[in-house]
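Participant: My file is my_file_11.cif. It has mmCIF, C-alpha atoms and all ligand atoms:
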```cif
data_target
#
loop_
_atom_site.label_atom_id
_atom_site.label_comp_id
_atom_site.auth_asym_id
_atom_site.auth_seq_id
_atom_site.Cartn_x
_atom_site.Cartn_y
_atom_site.Cartn_z
CA MET A 175 0.00 0.00 0.00
CA SER A 176 1.80 3.11 -1.20
CA ASP A 177 -0.98 5.55 -0.35
CA ILE A 178 -2.93 5.77 2.89
CA SER A 179 -6.00 7.26 1.20
CA LYS A 180 -7.17 3.62 0.89
CA LEU A 181 -7.52 3.65 4.69
CA PHE A 182 -9.79 6.72 4.67
CA SER A 183 -12.10 5.23 2.06
CA GLY A 184 -12.09 2.09 4.19
CA ILE A 185 -13.42 4.10 7.14
CA ALA A 186 -16.18 5.44 4.93
CA ARG A 187 -17.21 1.90 3.87
CA PHE A 188 -17.03 0.76 7.48
CA GLN A 189 -19.34 3.62 8.50
CA GLN A 190 -21.83 2.58 5.84
CA LEU A 191 -21.77 -1.04 6.94
CA HIS A 192 -21.86 -0.58 10.71
CA TYR A 193 -23.62 2.75 11.14
CA GLY A 194 -25.70 3.15 7.98
CA GLU A 195 -26.95 -0.39 7.62
CA ASN A 196 -26.99 -1.34 11.29
CA PRO A 197 -27.94 1.67 13.41
CA GLU A 198 -28.94 -0.56 16.36
CA LEU A 199 -25.37 -1.81 16.64
CA ALA A 200 -23.89 1.68 16.72
CA ASP A 201 -26.45 2.64 19.33
CA ARG A 202 -25.58 -0.35 21.52
CA LEU A 203 -21.82 0.20 21.25
CA LYS A 204 -22.15 3.79 22.35
CA SER A 205 -23.11 2.68 25.87
CA GLY A 206 -20.14 0.34 26.35
CA GLN A 207 -18.70 -3.03 25.38
CA ARG A 208 -19.63 -6.56 26.39
CA PRO A 209 -17.40 -8.85 24.33
CA ASN A 210 -17.73 -12.56 24.93
CA ALA A 211 -14.13 -13.40 24.11
CA LEU A 212 -10.60 -12.10 24.37
CA LEU A 213 -8.40 -13.07 21.45
CA ILE A 214 -4.61 -12.88 21.56
CA GLY A 215 -3.32 -12.72 18.01
CA CYS A 216 -0.15 -11.88 16.14
CA SER A 217 0.57 -8.37 14.86
CA ASP A 218 1.14 -9.88 11.40
CA SER A 219 -0.84 -7.91 8.80
CA ARG A 220 -2.19 -11.11 7.22
CA VAL A 221 -3.99 -12.44 10.26
CA ASP A 222 -6.38 -9.78 11.50
CA PRO A 223 -8.61 -11.75 13.90
CA ALA A 224 -11.71 -9.59 13.43
CA LEU A 225 -11.48 -9.92 9.64
CA LEU A 226 -10.80 -13.66 9.78
CA THR A 227 -13.71 -14.37 12.12
CA ASP A 228 -16.05 -11.92 10.40
CA CYS A 229 -16.72 -10.18 13.71
CA ALA A 230 -18.56 -6.92 14.21
CA PRO A 231 -17.35 -4.13 16.50
CA GLY A 232 -17.87 -5.15 20.12
CA ASP A 233 -17.53 -8.90 19.52
CA LEU A 234 -13.86 -9.43 20.29
CA PHE A 235 -11.59 -7.89 22.89
CA MET A 236 -8.16 -8.14 21.37
CA VAL A 237 -4.46 -8.16 22.12
CA ARG A 238 -2.04 -8.36 19.23
CA ASN A 239 1.70 -8.63 19.56
CA VAL A 240 4.67 -10.27 17.88
CA ALA A 241 3.98 -14.03 17.74
CA ASN A 242 0.74 -13.84 19.79
CA LEU A 243 2.54 -14.49 23.06
CA VAL A 244 1.38 -14.27 26.65
CA PRO A 245 4.16 -13.63 29.15
CA PRO A 246 3.94 -15.34 32.54
CA TYR A 247 2.39 -13.47 35.47
CA GLU A 248 4.96 -11.03 36.77
CA GLN A 249 4.76 -8.26 39.28
CA GLY A 250 7.09 -5.32 39.67
CA LEU A 251 8.54 -2.72 37.38
CA GLY A 252 7.93 -2.57 33.69
CA TYR A 253 5.03 -1.85 31.40
CA HIS A 254 2.72 -4.81 31.43
CA GLY A 255 0.71 -4.24 28.27
CA VAL A 256 -0.51 -7.79 27.75
CA SER A 257 -1.17 -8.37 31.45
CA SER A 258 -3.24 -5.20 31.80
CA ALA A 259 -5.35 -6.16 28.77
CA LEU A 260 -5.87 -9.62 30.28
CA GLU A 261 -6.83 -8.06 33.60
CA TYR A 262 -9.34 -5.72 32.01
CA ALA A 263 -10.94 -8.39 29.83
CA VAL A 264 -11.16 -11.00 32.59
CA CYS A 265 -11.75 -8.99 35.77
CA PHE A 266 -13.76 -6.05 34.41
CA LEU A 267 -15.42 -7.26 31.21
CA ASP A 268 -15.87 -10.80 32.49
CA VAL A 269 -15.13 -12.49 29.16
CA LYS A 270 -15.99 -16.18 29.04
CA HIS A 271 -13.33 -17.29 26.55
CA ILE A 272 -9.68 -16.55 25.90
CA ILE A 273 -8.36 -17.62 22.50
CA VAL A 274 -4.68 -17.68 21.62
CA MET A 275 -4.44 -17.71 17.83
CA GLY A 276 -1.14 -18.59 16.20
CA HIS A 277 -0.52 -18.85 12.48
CA SER A 278 1.67 -20.37 9.79
CA GLY A 279 4.65 -18.40 8.55
CA CYS A 280 4.95 -16.42 11.80
CA GLY A 281 7.94 -14.07 11.56
CA GLY A 282 8.31 -13.89 15.35
CA ILE A 283 8.51 -17.65 15.74
CA GLY A 284 10.70 -17.82 12.65
CA GLY A 285 13.03 -15.37 14.37
CA LEU A 286 13.10 -17.42 17.54
CA MET A 287 14.00 -20.56 15.57
CA GLY A 288 16.47 -18.71 13.34
CA ALA A 289 18.23 -17.30 16.39
CA THR A 290 19.46 -20.82 17.12
CA GLN A 291 21.27 -20.60 13.78
CA GLY A 292 23.06 -17.43 14.84
CA LYS A 293 20.67 -14.97 13.19
CA GLU A 294 20.34 -11.66 15.02
CA LEU A 295 16.99 -10.40 16.28
CA GLY A 296 16.11 -6.79 17.04
CA GLU A 297 16.66 -4.94 20.30
CA PHE A 298 13.20 -5.79 21.62
CA ILE A 299 12.09 -8.76 19.54
CA GLY A 300 14.70 -11.19 20.80
CA LYS A 301 13.74 -10.85 24.45
CA TRP A 302 10.05 -10.83 23.64
CA VAL A 303 9.94 -14.00 21.50
CA ASN A 304 12.08 -15.73 24.08
CA ILE A 305 8.84 -16.17 26.03
CA ALA A 306 8.35 -19.10 23.65
CA ALA A 307 11.84 -20.55 24.32
CA PRO A 308 10.34 -23.63 26.07
CA ALA A 309 8.40 -24.36 22.85
CA ARG A 310 11.54 -24.00 20.75
CA ASP A 311 13.57 -26.25 23.08
CA LYS A 312 10.87 -28.94 23.02
CA VAL A 313 10.64 -28.88 19.23
CA LEU A 314 14.42 -28.97 18.75
CA LYS A 315 14.55 -32.03 21.00
CA GLU A 316 11.55 -33.88 19.57
CA LEU A 317 12.14 -32.99 15.93
CA ALA A 318 15.93 -33.12 15.96
CA GLY A 319 17.21 -33.73 12.45
CA LYS A 320 14.03 -32.44 10.76
CA SER A 321 14.10 -29.40 8.48
CA LEU A 322 14.02 -25.92 10.00
CA GLU A 323 10.74 -25.40 8.15
CA GLU A 324 9.10 -28.37 9.86
CA GLN A 325 10.54 -27.41 13.23
CA THR A 326 9.27 -23.84 12.84
CA ARG A 327 5.71 -24.95 11.96
CA ALA A 328 5.78 -27.18 15.05
CA CYS A 329 7.13 -24.35 17.19
CA GLU A 330 4.29 -22.06 16.05
CA LYS A 331 1.86 -24.57 17.55
CA GLU A 332 3.91 -25.32 20.69
CA ALA A 333 4.22 -21.60 21.40
CA ILE A 334 0.41 -21.40 21.56
CA LEU A 335 0.51 -24.02 24.30
CA VAL A 336 3.17 -22.07 26.19
CA SER A 337 0.90 -19.02 26.11
CA LEU A 338 -2.05 -21.09 27.31
CA GLN A 339 0.09 -22.33 30.22
CA ASN A 340 1.24 -18.80 30.96
CA LEU A 341 -2.37 -17.62 31.08
CA LEU A 342 -2.89 -20.01 34.00
CA THR A 343 -0.11 -18.31 35.98
CA PHE A 344 -2.44 -15.31 36.41
CA PRO A 345 -4.29 -16.13 39.65
CA TRP A 346 -7.59 -14.61 38.54
CA ILE A 347 -7.50 -16.58 35.31
CA GLU A 348 -6.61 -19.86 37.01
CA GLU A 349 -9.41 -19.36 39.53
CA ARG A 350 -12.06 -18.69 36.85
CA VAL A 351 -10.90 -21.62 34.71
CA LYS A 352 -11.15 -23.93 37.77
CA GLU A 353 -14.63 -22.62 38.52
CA GLY A 354 -15.69 -23.25 34.92
CA GLU A 355 -16.36 -19.56 34.34
CA LEU A 356 -13.63 -19.12 31.75
CA THR A 357 -12.43 -21.40 28.95
CA LEU A 358 -9.05 -21.22 27.22
CA HIS A 359 -8.63 -22.09 23.53
CA GLY A 360 -5.65 -22.60 21.22
CA TRP A 361 -6.16 -21.91 17.51
CA TYR A 362 -3.77 -22.24 14.59
CA TYR A 363 -4.56 -20.49 11.33
CA ASN A 364 -2.99 -21.52 8.05
CA ILE A 365 -2.43 -18.43 5.92
CA ALA A 366 -2.04 -20.34 2.64
CA SER A 367 -5.26 -22.36 2.87
CA GLY A 368 -7.47 -20.51 5.33
CA GLN A 369 -7.71 -23.67 7.41
CA LEU A 370 -8.22 -23.31 11.16
CA LYS A 371 -7.02 -25.93 13.61
CA TYR A 372 -8.15 -26.17 17.21
CA TYR A 373 -6.10 -27.56 20.08
CA ASN A 374 -7.77 -30.60 21.60
CA ALA A 375 -6.38 -31.07 25.12
CA LEU A 376 -7.75 -34.64 25.27
CA THR A 377 -5.73 -35.82 22.28
CA ASP A 378 -2.97 -33.21 22.76
CA LYS A 379 -3.25 -32.44 19.05
CA PHE A 380 -4.26 -29.57 16.81
CA GLU A 381 -7.29 -30.82 14.87
CA VAL A 382 -9.07 -29.29 11.90
CA GLN A 383 -11.97 -27.12 13.02
CA VAL A 384 -12.60 -25.25 9.77
CA ALA A 385 -11.42 -26.98 6.58
CA SER A 386 -9.22 -25.17 4.10
CA TYR A 387 -11.09 -23.11 1.52
CA LYS A 388 -10.27 -25.57 -1.29
CA ASN A 389 -11.64 -28.56 0.66
CA ALA A 390 -14.71 -26.64 1.80
CA VAL A 391 -15.57 -25.70 -1.79
CA GLU A 392 -14.94 -29.22 -3.11
CA ASN A 393 -17.16 -30.77 -0.44
CA SER A 394 -19.99 -28.31 -0.77
ZN ZN B 1 3.04 -14.03 13.63
#
```
I'd like the structure from this file rewritten - as structure tokens, please.
Facilitator:
Amino acid sequence: MSDISKLFSGIARFQQLHYGENPELADRLKSGQRPNALLIGCSDSRVDPALLTDCAPGDLFMVRNVANLVPPYEQGLGYHGVSSALEYAVCFLDVKHIIVMGHSGCGGIGGLMGATQGKELGEFIGKWVNIAAPARDKVLKELAGKSLEEQTRACEKEAILVSLQNLLTFPWIEERVKEGELTLHGWYYNIASGQLKYYNALTDKFEVQVASYKNAVENS
């Protein structure tokens, strides 16, 4: 995109869709938000969660960062951007679901895996993606000898599980999950096919939830 005027005309189309054609929605949103789910997604421009899930304004509370990571619960100094968004969604908005959505071809996870080959990461990115170091270490052990490509795809999925585990280190999340008031979900989106996989804790596998576009069309 060489020209940002596309963004202004986008706002105009958005207005038409959500204000012009659905005035009740705009009226409801004016008085506050009551999203049902918090989604933690990657900052990657190809995986906008609201676009992918066809959500309307007010449906999803969202955190996006490099590699859709959740750091562990940590008190003390520092700016806790992810933690404060979690706190607001869970303790104030009372969301019922938290979804961590990873994706194929993730640059952040690619960086984490590439760093083992001596590639340099940026001033901030290296420390940040290191949250997923346990995922990388597991993959390097279990898929030793496999291609970097295969290891990276596996790490993208394992990193989702690390974030799900880290979510449980927040006492108010753990408590609500135990009480059955909050459910955690791991999703993996394939950019090339549009396929969505869902983490099944019973089988410990990512299973197809929404078939790839090609399969969906062929089977319809
Ligand atoms: Zn990514």
Participant: Taking all atoms listed in the file into account, report as a list in words which residues have an atom no farther than 8 Å from an atom of ligand ZN 1 (chain B).
Facilitator: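 Answer in the requested format: Gly215, Cys216, Ser217, Asp218, Val221, Val240, Ala241, Asn242, Gly276, His277, Ser278, Gly279, Cys280, Gly281, Gly282 and Ile283 of chain A.
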Participant: I need the chosen residues saved as an mmCIF file, keeping the file's coordinate frame, with C-alpha atoms.
Facilitator:
```
data_model
loop_
_atom_site.group_PDB
_atom_site.id
_atom_site.type_symbol
_atom_site.label_atom_id
_atom_site.label_comp_id
_atom_site.auth_asym_id
_atom_site.auth_seq_id
_atom_site.Cartn_x
_atom_site.Cartn_y
_atom_site.Cartn_z
ATOM 1 C CA GLY A 215 -3.320 -12.720 18.010
ATOM 2 C CA CYS A 216 -0.150 -11.880 16.140
ATOM 3 C CA SER A 217 0.570 -8.370 14.860
ATOM 4 C CA ASP A 218 1.140 -9.880 11.400
ATOM 5 C CA VAL A 221 -3.990 -12.440 10.260
ATOM 6 C CA VAL A 240 4.670 -10.270 17.880
ATOM 7 C CA ALA A 241 3.980 -14.030 17.740
ATOM 8 C CA ASN A 242 0.740 -13.840 19.790
ATOM 9 C CA GLY A 276 -1.140 -18.590 16.200
ATOM 10 C CA HIS A 277 -0.520 -18.850 12.480
ATOM 11 C CA SER A 278 1.670 -20.370 9.790
ATOM 12 C CA GLY A 279 4.650 -18.400 8.550
ATOM 13 C CA CYS A 280 4.950 -16.420 11.800
ATOM 14 C CA GLY A 281 7.940 -14.070 11.560
ATOM 15 C CA GLY A 282 8.310 -13.890 15.350
ATOM 16 C CA ILE A 283 8.510 -17.650 15.740
#
```
Participant: To one decimal place, how far is CA of Trp346 (chain A) from CA of Tyr247 (chain A) in Å?
Facilitator: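 Distance between the two atoms: 10.5 Å.
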Participant: Excluding region 352-362 of chain A and its own-chain neighbours fewer than 4 positions away, which residues fall within 6 Å of it when counting only C-alpha atoms? Please give them as number ranges by chain.
Facilitator: A: 270-277, 370-373
Participant: Mind giving me the straight-line distance from CA of Lys204 (chain A) to CA of Leu226 (chain A) in Å, one decimal?
Facilitator: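 CA of Leu226 (chain A) lies at a distance of 24.3 Å from CA of Lys204 (chain A).
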Participant: Residues near Leu342 (chain A), anyone? I mean within 9 Å using all atoms listed in the file, not counting same-chain ones fewer than 5 positions away, as JSON, numbers by chain.
Facilitator: {"A": [246, 247, 337, 347, 348, 349, 351]}
Participant: Identify which of the residues A:Pro197, A:Ile185, A:Val269, A:Thr227 lies closest to Ala211 (chain A), counting only C-alpha atoms when measuring atom-to-atom distances.
Facilitator: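 Answer, going by the shortest atom-to-atom distance: A:Val269.
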Participant: What is the distance between CA of Glu324 (chain A) and CA of Val382 (chain A), in Å to one decimal?
Facilitator: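 These atoms are spaced 18.3 Å apart.
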Participant: Counting all atoms listed in the file, which residue out of A:Leu199, A:Leu213, A:Leu243, A:Gln189 sits closest to Trp302 (chain A)?
Facilitator: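 Among A:Leu199, A:Leu213, A:Leu243, A:Gln189, it is A:Leu243 that comes nearest to Trp302 (chain A).
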